[in-house]
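Following: one structure in structure tokens, then a few remarks.
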Amino acid sequence: MTFPLGYTGVVSGLVSGLIFGYALENAGFASACKLTAQLRFQDWAVFKVMFTAILVSATGLYLLQALGLMSASDIYIPTVFLWATLLGGVGVGAGMSIGGYCPGTSVVAFCSGRLDGLMFFLGLVLGTVVFAGAYDWLKPMLEALPGPQAQTLPQLLHLPTWAVLAILLLIAIAVGRMTRRASDAMPASPATAARGPMPQGS
Amino acid sequence: MTPQPRPLWNPYLAGLVLGLGLLLTFVLTGHGLGASGFTTALAASASKTLAPSATAANAYFGPMTASHNPLDSWITWEVIGLALGALASAVFAGRFRLSLDGPSRLPRARRLALALVGGAVSGFGARVSLGCTSGLGLSGSAVLATAGFLFLIGFFGAGVGIGLLMKRYWQ
């Protein structure tokens, strides 16, 4: 049997989403305070969760491909459009520092009872409508400076995939050690437990 | 509902579960997780309901709404799963509570307004980059795509810059 299986129906969507939402909520990503504390360098949980997830998934994909169980050409790899990719990231980052969330975490926030998560979600729909209105005007910028189709870091850096994975692992370990004193390193401590999930009442 | 909510997971454990879930998604479908694809479909559908002719004439929404029903797309079901998974987790851990998060030093109305504005900026940005933190930042980086890491550079650059400027409004 070779992967991917090509299951793109309702059940695969629900199963993937359930794990996604369950993990994000348990990571504390329903809280705008917790998410934006990373941007103020007060809490490194967002970096640690994301970097660990990227490493686990990338290593798993590498092993499946090395064992011949998965065909690399069937895996979707996004292509760089220099301005669009970078400035879109700027927009999503600015949106998080202003409104507290990103698209996925706003759903998680609302589903844990946070009303600002719902407002952020409504804002997403509004922003998308504004984008559609400006689409013709934006189009030259959106398509400018495309990179090579589906380029990966190993291709960009001319390194084998295992070497890129090793570099990412070293970065994760280095940041983890440097920020070990940060409060999120002790998830069971009363201070962290109280700060993460508590509603920020006014 | 327990009065004392359960502690959050260790970030490395949460990352491991999220990474395995993402790997499973790639194994099942050939692509990763996402979120803004759903809000885009929702915005297009809402626009079609409220202003059908303007939507059909729009260069972005027009082709999207001509033949497409959001219930046919994988991302819609994934986001429904995301919502149910987050709800289940919050309820099981005693963390579900109607509340208002955000910059605690600002009054409620200002916090809600900032959430709306931030959401609009984020929704616009996610269409510019053809993906959000989930679709490009997480799933793109998980396939080691240059685009995923370039997105994350822009995301953290702007997030940290504006985040530090707004620091005084948070606790």
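In the structure tokens, each chain is lettered A, B, ... as it comes, each chain's residues begin at 1, and ligands are numbered from 1 in order of appearance.
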
>> List the spatial neighbours of Met70 of chain A as an NGL selection string - criterion: any atom at most 7 Å away, only C-alpha atoms, same-chain residues fewer than 2 positions off excluded.
In response: :A and (2-4 or 64-65 or 68 or 72)

Could you save the residues just selected, with C-alpha atoms, as a PDB file, in the first residue's frame?
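Writing done, so here's again20.pdb:
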ATOM      1  CA  THR A   2       1.296   3.460  -0.791  1.00  0.00           C
ATOM      2  CA  PHE A   3       0.321   6.729   0.806  1.00  0.00           C
ATOM      3  CA  PRO A   4      -1.364   9.169   0.568  1.00  0.00           C
ATOM      4  CA  LEU A  64       7.602   7.219   4.849  1.00  0.00           C
ATOM      5  CA  GLN A  65       9.202   8.452   1.627  1.00  0.00           C
ATOM      6  CA  GLY A  68       9.066   3.823  -0.287  1.00  0.00           C
ATOM      7  CA  ALA A  72       6.635  12.613  -2.734  1.00  0.00           C
TER       8      ALA A  72
END

>> Just list as a PyMOL selection string whatever in chain A DSSP marks as helix (DSSP H, G or I).
In response: chain A and resi 10-26+32-39+45-66+72-74+82-99+103-111+115-133+135-142+153-157+161-178+183-185+190-195

As a PDB file with C-alpha atoms, in the first residue's frame, please: the residues near segment 101-118 of chain B (cut-off 7 Å, only C-alpha atoms, same-chain neighbours under 3 positions excluded).
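Done, and the output landed in result09.pdb:
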ATOM      1  CA  SER A  31      -6.369  32.016  24.727  1.00  0.00           C
ATOM      2  CA  ALA A  32      -5.377  35.287  23.068  1.00  0.00           C
ATOM      3  CA  CYS A  33      -3.258  36.049  26.125  1.00  0.00           C
ATOM      4  CA  GLY A  95      -3.804  40.270  12.842  1.00  0.00           C
ATOM      5  CA  MET A  96      -2.674  38.088  15.742  1.00  0.00           C
ATOM      6  CA  ILE A  98      -3.987  43.184  17.117  1.00  0.00           C
ATOM      7  CA  GLY A  99      -6.828  40.698  17.542  1.00  0.00           C
ATOM      8  CA  GLY A 100      -5.184  37.872  19.521  1.00  0.00           C
ATOM      9  CA  ARG A 114     -14.345  33.133  24.231  1.00  0.00           C
ATOM     10  CA  ASP A 116     -13.471  37.692  21.174  1.00  0.00           C
ATOM     11  CA  MET A 119     -15.485  38.531  16.763  1.00  0.00           C
ATOM     12  CA  PHE A 120     -12.102  37.635  15.238  1.00  0.00           C
ATOM     13  CA  LEU A 122     -16.367  37.505  11.842  1.00  0.00           C
ATOM     14  CA  GLY A 123     -13.433  39.815  11.086  1.00  0.00           C
ATOM     15  CA  PRO A 199     -10.913  33.965  31.441  1.00  0.00           C
ATOM     16  CA  GLN A 200      -9.508  37.451  31.438  1.00  0.00           C
ATOM     17  CA  SER A 202     -12.999  42.772  33.260  1.00  0.00           C
TER      18      SER A 202
ATOM     19  CA  VAL B 121      -6.358  42.091   8.810  1.00  0.00           C
ATOM     20  CA  SER B 122      -5.682  38.362   9.278  1.00  0.00           C
ATOM     21  CA  TYR B 169      -2.499  46.961  26.964  1.00  0.00           C
ATOM     22  CA  TRP B 170      -1.964  43.368  28.095  1.00  0.00           C
ATOM     23  CA  GLN B 171      -1.570  42.216  31.694  1.00  0.00           C
TER      24      GLN B 171
END

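Taking atom CA of Leu24 of chain A and atom CA of Phe121 of chain A as endpoints, the distance between them is 16.5 Å.
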
Exercise: segment 19-27 of chain B partners within 6 Å, only C-alpha atoms, chain neighbours under 6 positions left out, as a PDB file with C-alpha atoms, in the first residue's frame:
ATOM      1  CA  PHE A   3       0.321   6.729   0.806  1.00  0.00           C
ATOM      2  CA  PRO A   4      -1.364   9.169   0.568  1.00  0.00           C
ATOM      3  CA  SER A  16      -8.122  15.360  11.001  1.00  0.00           C
ATOM      4  CA  ILE A  19      -7.228  15.860  16.449  1.00  0.00           C
ATOM      5  CA  ALA A  53       4.712  19.586  15.304  1.00  0.00           C
ATOM      6  CA  VAL A  56       7.437  15.362  13.976  1.00  0.00           C
ATOM      7  CA  SER A  57       5.426  15.652  10.788  1.00  0.00           C
TER       8      SER A  57
END
